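Notes follow the structure.
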Amino acid sequence: MALSETPDVTSLDLALIGNGAIGALIDAQGTIVWCCFPRFDGDPVFGALLADERKSERAGVFAIELVGAVRFEQQYATDTPILVTRCYDRKGAGIEITDFCPRFDEGNGSLVSPPKLVRQVRPIGGKPNIVVRVTPASEYGCNPRQHAIGSNHISYAGDQALRLTTNAPAEAIVDKTPFHVHETLTFMFGVGEQAGDLTSVGATLLERTEAYWRSWVRELKVTGEWRDAVVRAAITLELNVYESTGAIIAAMTTSIPEAPDSGRTWDYRYCWPRDACFVVNALSRVDEVRTTERYLGFLLARAESADDARLAPMYAIDGAAIPDEHVAECLAGYRGMGPVHIGNKASEQQQNDIYGEAVLTAEPLLAHSRSRWAGDETLFARLEPFGHHAVRLHDVPDAGLWELRGAERVHTFSSVMCWVACDRLAKYADRLELTDRAEYWRLHASSIHDVITLRSWNAKLNAFTATMEGDSLDASLLLMPRLGFLEADDPRFVGTVAAIESQLKHGDFVYRYVERDDFGYPENAFLVCTFWYIEALAAMGGARREEARALFERVLSARNRHGLLAEDLDPRTLEQWGNFPQTYCMAGIIDCAAALNK
């Protein structure tokens with residue numbers, strides 16, 4: 001992204017840094033307003049993003065403020081998640097803040113990614129004075145952490161003790177008093193002690209982290225005119241992968257509402273098999289396979305530890321069950337719009353599509369020359385139980401991919417994903433020359449295809465509907481050609497697109513559905529649906545492909561200054577809403593660029 005001198009109009013004008021252990025959101029003035037420790041779904045030590053503005057400091061912030069600052073510039077270092085913020089006062093005095101989380105290869109193939117934030121501050125003009133405010137909270141903003149000053153650090157008590165190691169004056173930090181910056185200052189915040197000369201250690205960590213990410217980007221296969229957008233999306237997706245287990249979270253945050261005062265506030269800091277499938281398939285388009293291998297290992301382990309290889313709709317990032325959904329009483333919510341939820345009740349739902357997504361996750365690996373699972377019959381055998389579940393569940397009511405909390409119905413998308421499970425198993429068996437298994441799965445796929453074609457087609461609407469024997473629409477049906485269920489020029493798909501355009505498209509953007517649900521009528525567009533629409537138009541070809549290109553540019557213009565997207569978008573103002581950054585949407589950037597670059 002180009003250097004920006006003024007804050008974006010987007011309220012979620014935040015940058016993400018991270019390393020696979022933690023992730024932090026930083027505002028346009030260089031303040032860390034969200035970061036959980038010691039992992040993505042941990043206690044938000046810096047939780048000001050979801051606090052009442054008057055109590056933001058109590059909820060936790062890490063601010064480095066230039067006294068008298070009037071101008072700010074901010075950008076990522078090229079092809080990295082390292083953020084550089086420059087602050088200037090009226091007299092030309094300034095500081096540069098470099099923020100990152102260490103991540104690098106030790107040389108033996110293992111990654112170093114400790115739960116640690118590193119902030120470097122250096123003077124870039126005049127005689128700058130700064131105030132540093134570090135107020136880590138605990139128990140979701142209910143309690144400040146007691147501190148103690150050491151020789152070169154400040155320790156903070158709590159269930160997980162934390163420490164700020166620095167060569168800046170600790171007393172001034174505790175007292176929040178100004179001090180002069182005349183050389184590079186380093187702040188390391190996180191778990192554990194930090195030995196060695198801090199300036200030297202910080203410089204080394206920065207150099208190794210920068211080298212790691214640039215090497216990672218060089219390994220990607222990215223071509224075409226949207227190269228920078230795709231690279232930023234890929235880096236962002238990788239930051240949502242929990243390095244310890246390979247689990248992939250849906251977003252870094254909890255409870256940013258889908259629309260103002262809507263009550264639609266959910267905790268997305270967990271691993272959904274559905275969302276993770278979209279992530280790994282997007283990364284596979286740019287030839288990143290390690291993430292897919294590690295995530296598939298995580299998912300298979302979950303299935304094999306359960307009765308009959310059953311999958312849950314979501315998992316904690318260590319593979320455990322999701323906490324019971326409850327409210328964080330001490331946090332008012334984003335812009336005061338609560339409630340703030342911990343846990344997610346949707347983990348208790350039946351969502352039948354997840355078996356198709358589990359099988360689809362393996363697709364990039366089975367024929368990839370660098371995958372350890374290429375041509376692996378053992379992997380095929382481990383995937384087959386998902387197919388058996390798909391056969392059993394293809395016409396059984398569920399909550400659907402939109403996780404409706406009302407009555408269950410037979411959702412067409414869930415049924416299509418059950419077909420995907422069988423279809424892909426047949427194709428995998430063909431590739432492995434397992435003739436009997438290929439025929440077995442092909443027969444099941446054909447049978448499910450017939451059921452969907454018969455029961456989900458509505459001749460009056462000239463479209464496939466959201467549910468079997470239904471009369472409402474669902475944007476997920478735009479994925480039918482990508483999944484291979486129908487060709488993009490099939491008249492039934494063309495009719496479905498036309499119906500979706502008529503009922504679900506508001507301005508340039510597509511809603512997931514428009515009928516009333518448990519919380520009323522949807523107010524904002526669910527952004528990934530617009531990406532699916534772009535893909536569908538591109539696949540239809542001709543003039544529709546040019547429409548797709550123009551709409552893709554329109555969506556890209558709605559990103560914040562750092563190239564990031566939240567879950568939802570106000571189609572009138574282009575203001576972002578919902579949890580941030582949303583992996584569905586960042587994956588959509590990669591998918592659409594690939595579709596339009598063909």
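Here, A, B, ... name the chains of the structure tokens in the order displayed, residue numbers run from 1 inside each chain, and ligands are numbered from 1 in the same displayed order.
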
So that I can see what lies close to Tyr156 of chain A, please list as a short mmCIF file (atom, residue, chain, number, x, y, z; two decimals) with C-alpha atoms, in the first residue's frame the residues with an atom at most 8 Å from it, counting only C-alpha atoms and leaving out residues fewer than 6 positions away in the same chain.
data_model
loop_
_atom_site.label_atom_id
_atom_site.label_comp_id
_atom_site.auth_asym_id
_atom_site.auth_seq_id
_atom_site.Cartn_x
_atom_site.Cartn_y
_atom_site.Cartn_z
CA PRO A 136 -2.25 -4.30 30.25
CA ARG A 145 -2.54 -5.75 36.18
CA GLN A 146 -0.36 -4.92 39.14
CA HIS A 147 3.15 -3.96 38.09
CA ALA A 148 6.65 -4.02 39.51
CA LEU A 162 3.86 -10.62 31.32
CA ARG A 163 6.89 -8.42 31.05
#

With a distance cut-off of 8 Å and only C-alpha atoms, select the neighbouring residues of segment 19-26 of chain A, excluding the residue or stretch itself and same-chain residues fewer than 2 positions from it, and output the selection as a count of residues only. 32

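Of the listed residues A:Ala466, A:Leu434, A:Ala332, A:Cys422, the one whose atoms come nearest to Ile256 of chain A is A:Ala332, with distances taken using only C-alpha atoms.
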
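Across A:Thr177, A:Asn143, A:Thr583, A:Ser447, the tightest approach to Glu329 of chain A is made by A:Asn143 when counting only C-alpha atoms.
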
Please report as a Markdown table every residue of segment 294-364 of chain A lying within 12 Å of segment 481-495 of chain A, along with the nearest atom pair and their distance in Å (one decimal), using only C-alpha atoms.
| residue | atom | partner | partner_atom | distance |
| --- | --- | --- | --- | --- |
| A:Gly356 | CA | A:Leu483 | CA | 10.3 |
| A:Glu357 | CA | A:Leu483 | CA | 10.4 |
| A:Leu360 | CA | A:Leu483 | CA | 9.2 |
| A:Glu363 | CA | A:Leu483 | CA | 11.6 |

Atoms kept (N, CA and C atoms) for selection, written as a PDB file, in the first residue's frame:
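Result saved to part.pdb:
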ATOM      1  N   GLY A 356     -17.895 -32.075   3.525  1.00  0.00           N
ATOM      2  CA  GLY A 356     -17.412 -31.758   2.182  1.00  0.00           C
ATOM      3  C   GLY A 356     -16.181 -30.878   2.224  1.00  0.00           C
ATOM      4  N   GLU A 357     -16.178 -29.903   3.109  1.00  0.00           N
ATOM      5  CA  GLU A 357     -15.027 -29.008   3.206  1.00  0.00           C
ATOM      6  C   GLU A 357     -13.795 -29.750   3.723  1.00  0.00           C
ATOM      7  N   LEU A 360     -12.509 -31.540   0.710  1.00  0.00           N
ATOM      8  CA  LEU A 360     -12.000 -30.557  -0.250  1.00  0.00           C
ATOM      9  C   LEU A 360     -10.664 -29.964   0.190  1.00  0.00           C
ATOM     10  N   GLU A 363      -7.629 -31.480  -1.449  1.00  0.00           N
ATOM     11  CA  GLU A 363      -7.477 -31.434  -2.905  1.00  0.00           C
ATOM     12  C   GLU A 363      -6.154 -30.822  -3.361  1.00  0.00           C
TER      13      GLU A 363
END
